[in-house]
Amino acid sequence: MHYREALPKDVDGITSIHVVGGQQAYADILPAEYLEGVMPSEKSDLWRSRLSECIDRTKISVTVAEEANDLAGFACFLFDEEQVFGTYLHNIYVDKRYQRRGVASGLLAAGIESFHTSWREQLVHLLVFAKNAPARAFY
């Protein structure tokens with residue numbers, strides 16, 4: 001598995017992993033109308049914005065995992081979302097084909113390793129739905 005900074009060319013792969021992973025993870029948590037009708041375009045817009053050429057890399061870090069040029073997952077950290085709790089792990093998703101292979105742990109480690117030195121000293125936090133048992137178990 002290879003870990004690297006996300007590039008604008010990764011937008012479709014990241015969007016797909018985010019949408020499919022979200023639909024699977026939140027099927028019993030969020031309304032189907034949102035998951036099927038709203039989320040795909042919402043996440044497409046989000047990732048087109050996040051991975052644009054003019055992104056401020058001092059505010060966001062997106063790391064991808066890939067194997068043989070196939071995106072396996074991604075992690076997105078926001079640096080100035082909340083001052084009190086430090087860096088915010090906003091998203092981490094792994095394609096179902098690559099789950100249970102240590103990819104999520106690798107994304108966390110590689111993502112944090114890519115931070116500027118000053119950000120590595122900050123806390124990292126995240127939010128997880130209480131009903132999302134697999135995510136709670138991982139963290």
# chains A, B, ... in the order shown; residues from 1 in each chain; ligands from 1
>>> select_by_dssp(residues="chain A", states="strand (DSSP E or B)", output="VMD selection string")
chain A and resid 2 to 5 60 to 67 70 to 82 86 to 94 124 to 125
>>> write_last_selection(atoms="N, CA, C and O atoms", output="short mmCIF file (atom, residue, chain, number, x, y, z; two decimals), in the first residue's frame")
data_model
loop_
_atom_site.label_atom_id
_atom_site.label_comp_id
_atom_site.auth_asym_id
_atom_site.auth_seq_id
_atom_site.Cartn_x
_atom_site.Cartn_y
_atom_site.Cartn_z
N HIS A 2 0.55 2.19 -0.83
CA HIS A 2 1.30 3.44 -0.95
C HIS A 2 0.41 4.58 -0.44
O HIS A 2 -0.77 4.65 -0.80
N TYR A 3 0.96 5.46 0.38
CA TYR A 3 0.23 6.60 0.92
C TYR A 3 0.86 7.88 0.38
O TYR A 3 2.08 8.00 0.34
N ARG A 4 0.01 8.82 -0.02
CA ARG A 4 0.50 10.08 -0.58
C ARG A 4 -0.55 11.17 -0.41
O ARG A 4 -1.71 10.89 -0.08
N GLU A 5 -0.13 12.41 -0.66
CA GLU A 5 -1.04 13.54 -0.63
C GLU A 5 -2.02 13.42 -1.80
O GLU A 5 -1.65 13.04 -2.90
N ILE A 60 -5.88 22.32 5.40
CA ILE A 60 -6.42 20.99 5.10
C ILE A 60 -5.31 20.07 4.63
O ILE A 60 -4.36 20.50 3.98
N SER A 61 -5.43 18.81 4.99
CA SER A 61 -4.51 17.78 4.51
C SER A 61 -5.35 16.56 4.14
O SER A 61 -6.13 16.07 4.95
N VAL A 62 -5.18 16.09 2.91
CA VAL A 62 -5.90 14.89 2.45
C VAL A 62 -4.86 13.88 1.99
O VAL A 62 -4.05 14.16 1.11
N THR A 63 -4.88 12.72 2.61
CA THR A 63 -3.96 11.64 2.29
C THR A 63 -4.75 10.51 1.67
O THR A 63 -5.85 10.18 2.14
N VAL A 64 -4.22 9.91 0.61
CA VAL A 64 -4.87 8.76 -0.01
C VAL A 64 -3.99 7.53 0.13
O VAL A 64 -2.77 7.62 0.25
N ALA A 65 -4.65 6.39 0.12
CA ALA A 65 -3.97 5.09 0.07
C ALA A 65 -4.27 4.52 -1.30
O ALA A 65 -5.42 4.57 -1.76
N GLU A 66 -3.24 4.01 -1.95
CA GLU A 66 -3.46 3.41 -3.27
C GLU A 66 -2.60 2.16 -3.41
O GLU A 66 -1.54 2.03 -2.81
N GLU A 67 -3.13 1.27 -4.23
CA GLU A 67 -2.43 0.04 -4.56
C GLU A 67 -2.57 -0.16 -6.06
O GLU A 67 -3.69 -0.22 -6.57
N ASP A 70 -4.91 2.11 -7.83
CA ASP A 70 -6.32 1.99 -7.43
C ASP A 70 -6.46 2.62 -6.05
O ASP A 70 -5.77 2.22 -5.11
N LEU A 71 -7.33 3.63 -5.93
CA LEU A 71 -7.53 4.27 -4.63
C LEU A 71 -8.21 3.30 -3.67
O LEU A 71 -9.25 2.73 -3.98
N ALA A 72 -7.61 3.13 -2.52
CA ALA A 72 -8.13 2.23 -1.51
C ALA A 72 -8.85 2.98 -0.40
O ALA A 72 -9.70 2.42 0.28
N GLY A 73 -8.50 4.25 -0.20
CA GLY A 73 -9.13 5.03 0.86
C GLY A 73 -8.50 6.39 0.98
O GLY A 73 -7.56 6.73 0.26
N PHE A 74 -9.03 7.18 1.92
CA PHE A 74 -8.52 8.53 2.14
C PHE A 74 -8.80 8.98 3.56
O PHE A 74 -9.69 8.46 4.23
N ALA A 75 -8.01 9.96 4.00
CA ALA A 75 -8.22 10.61 5.29
C ALA A 75 -8.08 12.11 5.07
O ALA A 75 -7.18 12.55 4.36
N CYS A 76 -8.98 12.88 5.66
CA CYS A 76 -8.97 14.33 5.52
C CYS A 76 -8.93 14.98 6.90
O CYS A 76 -9.78 14.71 7.74
N PHE A 77 -7.91 15.81 7.10
CA PHE A 77 -7.72 16.53 8.35
C PHE A 77 -7.91 18.02 8.10
O PHE A 77 -7.39 18.55 7.12
N LEU A 78 -8.63 18.69 8.99
CA LEU A 78 -8.81 20.15 8.93
C LEU A 78 -8.08 20.75 10.12
O LEU A 78 -8.32 20.37 11.26
N PHE A 79 -7.19 21.70 9.84
CA PHE A 79 -6.32 22.22 10.88
C PHE A 79 -6.90 23.33 11.73
O PHE A 79 -6.51 23.48 12.87
N ASP A 80 -7.78 24.12 11.20
CA ASP A 80 -8.27 25.25 12.00
C ASP A 80 -9.78 25.23 12.18
O ASP A 80 -10.41 26.25 12.37
N GLU A 81 -10.35 24.05 12.16
CA GLU A 81 -11.80 23.91 12.33
C GLU A 81 -12.23 24.29 13.75
O GLU A 81 -13.23 24.94 13.94
N GLU A 82 -11.47 23.84 14.74
CA GLU A 82 -11.77 24.14 16.15
C GLU A 82 -10.45 24.37 16.87
O GLU A 82 -9.56 23.54 16.81
N GLY A 86 -8.02 21.01 18.67
CA GLY A 86 -6.92 20.75 17.76
C GLY A 86 -7.39 20.32 16.37
O GLY A 86 -8.49 20.66 15.94
N THR A 87 -6.57 19.57 15.71
CA THR A 87 -6.84 19.14 14.34
C THR A 87 -8.06 18.21 14.31
O THR A 87 -8.22 17.33 15.15
N TYR A 88 -8.89 18.42 13.31
CA TYR A 88 -10.14 17.66 13.18
C TYR A 88 -9.99 16.62 12.07
O TYR A 88 -9.76 16.97 10.92
N LEU A 89 -10.09 15.36 12.42
CA LEU A 89 -10.14 14.29 11.42
C LEU A 89 -11.58 14.30 10.90
O LEU A 89 -12.49 13.77 11.52
N HIS A 90 -11.78 14.95 9.76
CA HIS A 90 -13.12 15.15 9.23
C HIS A 90 -13.65 13.92 8.51
O HIS A 90 -14.84 13.63 8.58
N ASN A 91 -12.78 13.23 7.79
CA ASN A 91 -13.21 12.04 7.05
C ASN A 91 -12.10 11.00 7.04
O ASN A 91 -10.94 11.35 6.90
N ILE A 92 -12.49 9.75 7.17
CA ILE A 92 -11.59 8.64 6.85
C ILE A 92 -12.49 7.52 6.34
O ILE A 92 -13.43 7.10 7.02
N TYR A 93 -12.21 7.12 5.12
CA TYR A 93 -12.99 6.05 4.49
C TYR A 93 -12.05 5.11 3.77
O TYR A 93 -11.07 5.55 3.16
N VAL A 94 -12.37 3.83 3.82
CA VAL A 94 -11.61 2.81 3.10
C VAL A 94 -12.60 2.01 2.27
O VAL A 94 -13.63 1.56 2.77
N VAL A 124 -5.56 15.68 18.00
CA VAL A 124 -6.40 15.31 16.86
C VAL A 124 -7.70 14.77 17.44
O VAL A 124 -7.68 13.95 18.36
N HIS A 125 -8.82 15.23 16.90
CA HIS A 125 -10.11 14.74 17.40
C HIS A 125 -11.02 14.42 16.22
O HIS A 125 -10.74 14.77 15.07
#
>>> residues_around(residues="Arg48 in chain A", least_positions_apart="6", cutoff="10 Å", atoms="only C-alpha atoms", output="NGL selection string")
:A and (8-12 or 14-15)
>>> select_by_dssp(residues="range 26-133 of chain A", states="alpha helix (DSSP H)", output="compact mmCIF listing (two decimals) with N, CA and C atoms, in the first residue's frame")
# COMPACT_ATOMS: atom_id res chain seq x y z
N ALA A 32 -32.67 7.47 3.94
CA ALA A 32 -32.33 6.98 2.60
C ALA A 32 -32.42 8.08 1.56
N MET A 39 -26.66 13.10 -0.98
CA MET A 39 -25.26 12.90 -0.66
C MET A 39 -24.33 12.81 -1.87
N PRO A 40 -24.69 12.12 -2.94
CA PRO A 40 -23.74 12.03 -4.07
C PRO A 40 -23.32 13.40 -4.63
N SER A 41 -24.27 14.28 -4.89
CA SER A 41 -23.89 15.59 -5.43
C SER A 41 -23.24 16.46 -4.36
N GLU A 42 -23.68 16.33 -3.13
CA GLU A 42 -23.08 17.09 -2.04
C GLU A 42 -21.61 16.74 -1.88
N LYS A 43 -21.28 15.46 -1.91
CA LYS A 43 -19.88 15.03 -1.75
C LYS A 43 -19.06 15.36 -2.99
N SER A 44 -19.66 15.30 -4.15
CA SER A 44 -18.95 15.70 -5.37
C SER A 44 -18.54 17.17 -5.29
N ASP A 45 -19.46 18.02 -4.88
CA ASP A 45 -19.16 19.45 -4.72
C ASP A 45 -18.08 19.66 -3.66
N LEU A 46 -18.20 18.94 -2.55
CA LEU A 46 -17.24 19.06 -1.46
C LEU A 46 -15.83 18.74 -1.93
N TRP A 47 -15.68 17.60 -2.62
CA TRP A 47 -14.33 17.17 -3.02
C TRP A 47 -13.78 17.98 -4.18
N ARG A 48 -14.63 18.47 -5.03
CA ARG A 48 -14.14 19.38 -6.09
C ARG A 48 -13.60 20.65 -5.45
N SER A 49 -14.24 21.12 -4.41
CA SER A 49 -13.77 22.30 -3.69
C SER A 49 -12.48 21.99 -2.91
N ARG A 50 -12.48 20.90 -2.18
CA ARG A 50 -11.33 20.56 -1.34
C ARG A 50 -10.07 20.27 -2.15
N VAL A 103 -5.42 -0.50 6.30
CA VAL A 103 -5.38 0.72 5.49
C VAL A 103 -5.78 1.95 6.31
N ALA A 104 -6.82 1.84 7.11
CA ALA A 104 -7.26 2.99 7.91
C ALA A 104 -6.16 3.41 8.90
N SER A 105 -5.54 2.47 9.55
CA SER A 105 -4.44 2.79 10.46
C SER A 105 -3.29 3.43 9.69
N GLY A 106 -3.00 2.92 8.51
CA GLY A 106 -1.96 3.49 7.67
C GLY A 106 -2.29 4.91 7.25
N LEU A 107 -3.56 5.16 6.93
CA LEU A 107 -3.98 6.51 6.56
C LEU A 107 -3.82 7.49 7.72
N LEU A 108 -4.19 7.05 8.91
CA LEU A 108 -4.03 7.92 10.08
C LEU A 108 -2.55 8.26 10.28
N ALA A 109 -1.71 7.25 10.27
CA ALA A 109 -0.28 7.46 10.50
C ALA A 109 0.35 8.32 9.41
N ALA A 110 0.07 8.00 8.15
CA ALA A 110 0.65 8.75 7.03
C ALA A 110 0.11 10.17 7.00
N GLY A 111 -1.17 10.33 7.29
CA GLY A 111 -1.76 11.66 7.31
C GLY A 111 -1.12 12.54 8.36
N ILE A 112 -0.98 12.03 9.57
CA ILE A 112 -0.37 12.81 10.65
C ILE A 112 1.11 13.06 10.35
N GLU A 113 1.79 12.09 9.81
CA GLU A 113 3.21 12.25 9.45
C GLU A 113 3.40 13.36 8.42
N THR A 117 5.34 20.38 11.06
CA THR A 117 5.79 20.10 12.43
C THR A 117 4.92 20.76 13.49
N SER A 118 4.52 22.00 13.29
CA SER A 118 3.71 22.71 14.29
C SER A 118 2.36 22.05 14.51
N TRP A 119 1.80 21.42 13.48
CA TRP A 119 0.49 20.76 13.63
C TRP A 119 0.62 19.41 14.30
N ARG A 120 1.78 18.77 14.22
CA ARG A 120 1.97 17.46 14.85
C ARG A 120 1.89 17.54 16.37
N ALA A 133 -21.14 1.49 15.03
CA ALA A 133 -20.33 0.57 15.83
C ALA A 133 -18.98 0.23 15.19
>>> residues_around(residues="Ala27 in chain A", least_positions_apart="6", cutoff="12 Å", atoms="only C-alpha atoms", output="PyMOL selection string")
chain A and resi 19-21+33-36+131-132
>>> closest_residue(among="A:Ala135, A:Ile17, A:Phe115, A:Leu126", to="Lys59 in chain A", atoms="only C-alpha atoms")
A:Phe115
>>> atom_distance(atom1="CA of Asn69 in chain A", atom2="CA of Met1 in chain A")
10.0 Å
>>> atom_distance(atom1="CA of Ala130 in chain A", atom2="CA of Ile29 in chain A")
9.6 Å
>>> atom_distance(atom1="CA of Arg100 in chain A", atom2="CA of Gln24 in chain A")
15.6 Å
>>> decode(residues="range 76-119 of chain A", atoms="C-alpha atoms", output="PDB file, in the first residue's frame")
ATOM      1  CA  CYS A  76      -8.975  14.333   5.516  1.00  0.00           C
ATOM      2  CA  PHE A  77      -7.721  16.532   8.347  1.00  0.00           C
ATOM      3  CA  LEU A  78      -8.811  20.145   8.930  1.00  0.00           C
ATOM      4  CA  PHE A  79      -6.317  22.220  10.876  1.00  0.00           C
ATOM      5  CA  ASP A  80      -8.265  25.248  12.003  1.00  0.00           C
ATOM      6  CA  GLU A  81     -11.797  23.908  12.327  1.00  0.00           C
ATOM      7  CA  GLU A  82     -11.768  24.135  16.148  1.00  0.00           C
ATOM      8  CA  GLN A  83      -9.106  25.787  18.256  1.00  0.00           C
ATOM      9  CA  VAL A  84      -9.937  23.983  21.511  1.00  0.00           C
ATOM     10  CA  PHE A  85      -9.716  20.395  20.324  1.00  0.00           C
ATOM     11  CA  GLY A  86      -6.919  20.746  17.756  1.00  0.00           C
ATOM     12  CA  THR A  87      -6.842  19.135  14.340  1.00  0.00           C
ATOM     13  CA  TYR A  88     -10.137  17.662  13.183  1.00  0.00           C
ATOM     14  CA  LEU A  89     -10.145  14.294  11.423  1.00  0.00           C
ATOM     15  CA  HIS A  90     -13.121  15.152   9.232  1.00  0.00           C
ATOM     16  CA  ASN A  91     -13.211  12.039   7.053  1.00  0.00           C
ATOM     17  CA  ILE A  92     -11.590   8.641   6.852  1.00  0.00           C
ATOM     18  CA  TYR A  93     -12.994   6.055   4.485  1.00  0.00           C
ATOM     19  CA  VAL A  94     -11.611   2.809   3.099  1.00  0.00           C
ATOM     20  CA  ASP A  95     -13.072   1.037   0.079  1.00  0.00           C
ATOM     21  CA  LYS A  96     -14.736  -2.203   1.191  1.00  0.00           C
ATOM     22  CA  ARG A  97     -12.301  -4.238  -0.968  1.00  0.00           C
ATOM     23  CA  TYR A  98      -9.406  -2.973   1.172  1.00  0.00           C
ATOM     24  CA  GLN A  99     -10.947  -3.086   4.639  1.00  0.00           C
ATOM     25  CA  ARG A 100      -9.421  -5.215   7.378  1.00  0.00           C
ATOM     26  CA  ARG A 101      -5.953  -4.814   5.854  1.00  0.00           C
ATOM     27  CA  GLY A 102      -4.641  -2.001   8.061  1.00  0.00           C
ATOM     28  CA  VAL A 103      -5.379   0.719   5.493  1.00  0.00           C
ATOM     29  CA  ALA A 104      -7.258   2.990   7.910  1.00  0.00           C
ATOM     30  CA  SER A 105      -4.438   2.790  10.459  1.00  0.00           C
ATOM     31  CA  GLY A 106      -1.961   3.494   7.674  1.00  0.00           C
ATOM     32  CA  LEU A 107      -3.977   6.508   6.556  1.00  0.00           C
ATOM     33  CA  LEU A 108      -4.026   7.924  10.080  1.00  0.00           C
ATOM     34  CA  ALA A 109      -0.278   7.465  10.503  1.00  0.00           C
ATOM     35  CA  ALA A 110       0.652   8.749   7.031  1.00  0.00           C
ATOM     36  CA  GLY A 111      -1.758  11.659   7.311  1.00  0.00           C
ATOM     37  CA  ILE A 112      -0.372  12.810  10.647  1.00  0.00           C
ATOM     38  CA  GLU A 113       3.206  12.253   9.449  1.00  0.00           C
ATOM     39  CA  SER A 114       2.527  14.629   6.545  1.00  0.00           C
ATOM     40  CA  PHE A 115       1.526  17.483   8.869  1.00  0.00           C
ATOM     41  CA  HIS A 116       3.773  20.482   9.211  1.00  0.00           C
ATOM     42  CA  THR A 117       5.788  20.100  12.432  1.00  0.00           C
ATOM     43  CA  SER A 118       3.714  22.709  14.292  1.00  0.00           C
ATOM     44  CA  TRP A 119       0.491  20.763  13.628  1.00  0.00           C
TER      45      TRP A 119
END
